[in-house]
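Student: To be precise about what I am sending: the file is called target-v6.cif and holds mmCIF, C-alpha atoms.
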data_my_file
loop_
_atom_site.label_atom_id
_atom_site.label_comp_id
_atom_site.auth_asym_id
_atom_site.auth_seq_id
_atom_site.Cartn_x
_atom_site.Cartn_y
_atom_site.Cartn_z
CA ASN A 1 64.89 98.88 114.12
CA PHE A 2 67.29 96.07 114.89
CA LYS A 3 69.70 94.48 117.31
CA LEU A 4 73.03 93.28 115.89
CA GLN A 5 75.17 90.91 117.93
CA LEU A 6 78.64 89.78 116.90
CA GLN A 7 81.97 88.62 118.20
CA TRP A 8 85.38 89.92 117.12
CA ARG A 9 89.03 89.58 117.96
CA THR A 10 92.11 91.32 116.71
CA SER A 11 95.61 90.17 115.79
CA HIS A 12 97.42 93.27 117.06
CA ARG A 13 96.74 96.02 119.58
CA ARG A 14 96.62 98.61 116.81
CA SER A 15 94.19 96.62 114.64
CA ASN A 16 91.67 99.04 113.21
CA SER A 17 88.24 97.90 112.09
CA GLY A 18 84.57 98.70 112.40
CA VAL A 19 80.97 97.72 111.89
CA PHE A 20 78.98 99.78 109.40
CA ILE A 21 75.25 100.21 109.90
CA ARG A 22 72.42 101.77 107.93
CA PHE A 23 74.45 102.78 104.90
CA PRO A 24 72.65 102.97 101.55
CA LYS A 25 73.71 101.00 98.50
CA LEU A 26 77.08 102.32 97.51
CA PRO A 27 78.00 103.55 94.05
CA LYS A 28 81.02 101.93 92.44
CA ILE A 29 84.07 104.13 92.56
CA THR A 30 87.25 103.74 90.54
CA PHE A 31 90.50 103.27 92.47
CA THR A 32 94.01 104.04 91.24
CA ASP A 33 94.46 100.43 90.09
CA GLY A 34 91.58 100.97 87.66
CA LYS A 35 89.21 98.57 89.45
CA LYS A 36 85.77 99.63 90.58
CA ARG A 37 84.87 98.90 94.21
CA ASN A 38 82.56 100.15 96.91
CA GLY A 39 84.31 102.61 99.20
CA TYR A 40 84.24 102.25 103.01
CA LEU A 41 84.39 106.01 103.38
CA ASP A 42 81.02 106.17 101.66
CA ALA A 43 79.62 103.70 104.21
CA ALA A 44 80.77 105.80 107.18
CA GLY A 45 79.87 109.02 105.38
CA THR A 46 76.27 108.07 104.65
CA GLY A 47 75.53 105.63 107.47
CA TYR A 48 77.42 105.04 110.71
CA GLU A 49 80.58 103.20 111.70
CA VAL A 50 80.87 101.63 115.12
CA GLN A 51 84.61 101.72 115.68
CA LEU A 52 86.78 98.76 116.72
CA PHE A 53 90.13 100.31 117.65
CA ASP A 54 91.45 99.75 121.16
CA PRO A 55 94.22 102.36 121.50
CA GLY A 56 92.20 105.15 119.96
CA PRO A 57 91.24 108.40 121.69
CA PRO A 58 87.59 108.65 122.86
CA ASP A 59 86.41 109.84 119.44
CA HIS A 60 87.91 106.74 117.72
CA ARG A 61 88.13 103.95 120.30
CA THR A 62 86.09 100.76 120.35
CA GLY A 63 82.40 101.61 120.72
CA THR A 64 82.59 105.07 119.19
CA ILE A 65 79.89 105.79 116.63
CA ILE A 66 81.31 107.75 113.71
CA PRO A 67 80.31 110.46 113.16
CA GLY A 68 79.49 112.02 116.47
CA GLY A 69 79.29 109.47 119.27
CA PRO A 70 82.55 109.27 121.26
CA CYS A 71 83.13 106.41 123.67
CA GLU A 72 84.51 107.20 127.13
CA LYS A 73 84.38 103.63 128.54
CA LYS A 74 86.76 100.74 127.90
CA SER A 75 85.51 97.16 128.21
CA TRP A 76 87.32 95.17 125.52
CA ARG A 77 89.44 92.11 126.20
CA PRO A 78 93.17 91.71 125.40
CA VAL A 79 94.41 91.10 121.85
CA GLY A 80 93.63 87.58 120.64
CA GLU A 81 90.60 87.08 122.89
CA TRP A 82 87.06 87.13 121.54
CA ASN A 83 84.91 90.15 122.41
CA GLN A 84 81.16 90.58 122.12
CA MET A 85 79.39 93.62 120.73
CA GLU A 86 75.71 94.41 120.64
CA ILE A 87 74.39 97.36 118.64
CA THR A 88 70.75 98.33 119.13
CA ALA A 89 69.15 100.78 116.72
CA ARG A 90 65.66 102.11 117.52
CA GLY A 91 64.74 105.02 115.32
CA HIS A 92 67.59 107.48 115.66
CA MET A 93 68.72 106.10 119.03
CA TYR A 94 71.78 103.83 119.10
CA THR A 95 73.16 101.83 122.03
CA VAL A 96 76.48 99.99 121.89
CA LYS A 97 77.44 97.31 124.40
CA VAL A 98 80.90 95.76 124.52
CA ASN A 99 81.22 92.58 126.58
CA GLY A 100 77.91 93.36 128.29
CA VAL A 101 78.79 96.96 129.25
CA VAL A 102 76.96 99.93 127.70
CA VAL A 103 79.81 102.00 126.29
CA ASN A 104 77.89 104.40 124.08
CA GLU A 105 74.43 105.86 123.60
CA PHE A 106 73.95 108.18 120.67
CA GLU A 107 71.15 110.02 118.90
CA GLY A 108 71.75 110.24 115.17
CA ASN A 109 69.98 111.95 112.30
CA ARG A 110 70.80 109.86 109.22
CA ALA A 111 68.76 107.32 107.26
CA LEU A 112 66.76 104.70 109.14
CA GLU A 113 67.35 102.05 106.48
CA GLY A 114 70.41 100.56 104.86
CA TYR A 115 72.99 97.82 104.93
CA ILE A 116 75.18 96.31 107.63
CA GLY A 117 78.85 95.55 106.93
CA VAL A 118 82.11 94.73 108.68
CA GLN A 119 85.48 96.28 107.95
CA ASN A 120 89.08 95.13 108.01
CA HIS A 121 90.81 98.49 107.77
CA ASP A 122 94.19 97.49 106.33
CA LEU A 123 96.37 94.54 105.34
CA ASP A 124 98.87 94.98 108.18
CA THR A 125 96.38 94.08 110.91
CA LYS A 126 93.59 91.56 110.95
CA THR A 127 90.20 91.60 112.64
CA TYR A 128 88.21 88.38 112.80
CA PHE A 129 84.43 88.23 113.08
CA ARG A 130 82.07 85.40 113.97
CA ASN A 131 78.52 84.74 115.14
CA LEU A 132 76.90 87.76 113.50
CA ARG A 133 73.19 87.84 114.28
CA VAL A 134 70.57 90.44 113.39
CA LYS A 135 67.16 90.60 115.02
CA GLU A 136 64.47 92.90 113.73
CA LEU A 137 62.84 94.96 116.48
CA PRO A 138 59.33 96.44 116.49
#
Could I get this file's structure written as structure tokens?
Tutor:
Amino acid sequence: NFKLQLQWRTSHRRSNSGVFIRFPKLPKITFTDGKKRNGYLDAAGTGYEVQLFDPGPPDHRTGTIIPGGPCEKKSWRPVGEWNQMEITARGHMYTVKVNGVVVNEFEGNRALEGYIGVQNHDLDTKTYFRNLRVKELP
């Protein structure tokens, strides 16, 4: 059980990013350039991704938990401004707050242990992170 707090801002309205939680150690996979890297799809496929994508539909907008936790509320700030996110994980219950507003509550069924990671989805857009803090909860 944990509470993760962080700040992020984007460089463009269509910047696509995310926060991965509770994903197991990833196997190395070989990409077309011949290099072995961990794959972000494995992180979202075995843990969860909390989406950071402002123009997305409810199943992909900021605060959505992938897979399965769409976000109906919007509470992010304009491009270039810092936003705050808080993700609380207690057992299989997840709560996501964006700028102090609860935007998503979700009951999952995947592993209760794993890693935390941040994503910059592509080279055309940038997402900046700062002040990442994790607090273990009882």
Student: List as a PyMOL selection string the protein and nucleic acid residues near Lys97 in chain A, meaning an atom at most 6 Å away when all atoms listed in the file are counted, but skip any in the same chain fewer than 2 places from it.
Tutor: chain A and resi 85-86+100-103
Student: Expressed in Å to a single decimal, how great is the separation between CA of Asn104 in chain A and CA of Lys73 in chain A?
Tutor: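 Computing the Euclidean distance for CA of Asn104 in chain A and CA of Lys73 in chain A yields 7.9 Å.
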Student: What gap, in Å, lies between CA of Ile65 in chain A and CA of Glu49 in chain A?
Tutor: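 So the answer is 5.6 Å.
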Student: Do you have, as a Markdown table, the list of residues of range 41-64 of chain A lying at most 12 Å from range 91-94 of chain A, each with its nearest atom pair and that distance in Å to one decimal, counting only C-alpha atoms and ordered by chain then number?
Tutor:
| residue | atom | partner | partner_atom | distance |
| --- | --- | --- | --- | --- |
| A:Gly47 | CA | A:His92 | CA | 11.6 |
| A:Tyr48 | CA | A:Tyr94 | CA | 10.2 |
| A:Glu49 | CA | A:Tyr94 | CA | 11.5 |
| A:Val50 | CA | A:Tyr94 | CA | 10.2 |
| A:Gly63 | CA | A:Tyr94 | CA | 11.0 |
| A:Thr64 | CA | A:Tyr94 | CA | 10.9 |
Student: To verify the selection step, state as a list in words which residues the PyMOL selection byres ((chain A and resi 68) around 9) yields on this input.
Tutor: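 After applying the PyMOL selection byres ((chain A and resi 68) around 9), what remains is Asp59, Thr64, Ile65, Ile66, Pro67, Gly69, Pro70, Phe106, Glu107 and Gly108 of chain A.
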Student: Step by step, work through what the PyMOL selection byres ((chain A and resi 61) around 9) selects in the shown file, and finish by giving those residues as a PyMOL selection string.
Tutor: chain A and resi 51-60+62-64+70-72+74
Student: Could you please determine the separation between CA of Arg14 in chain A and CA of Ala43 in chain A in Å, to one decimal place?
Tutor: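 CA of Ala43 in chain A lies at a distance of 21.8 Å from CA of Arg14 in chain A.
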Student: Hey, what comes out of the PyMOL selection byres ((chain A and resi 81) around 9) on this file? Could you write it as a list of chain:residue names?
Tutor: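 Output of the PyMOL selection byres ((chain A and resi 81) around 9): A:Trp8, A:Arg9, A:Thr10, A:Arg77, A:Pro78, A:Val79, A:Gly80, A:Trp82, A:Asn83.
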Student: Show me, as a PyMOL selection string, the residues that have an atom within 12 Å of Leu4 in chain A when counting only C-alpha atoms, minus same-chain residues fewer than 5 positions from it.
Tutor: chain A and resi 19-22+50+84-90+94-98+115-118+131-137
Student: Could you give me, as JSON, numbers by chain, the residues that sit within 10 Å of (102.3, 90.4, 109.8) in the file's coordinates, counting only C-alpha atoms?
Tutor: {"A": [11, 12, 123, 124, 125, 126]}
Student: Could you tell me, as a ChimeraX atom specification, which residues have any atom at most 10 Å from (72.2, 103.5, 100.3), counting only C-alpha atoms?
Tutor: /A:22-27,42-43,46-47,111,113-115
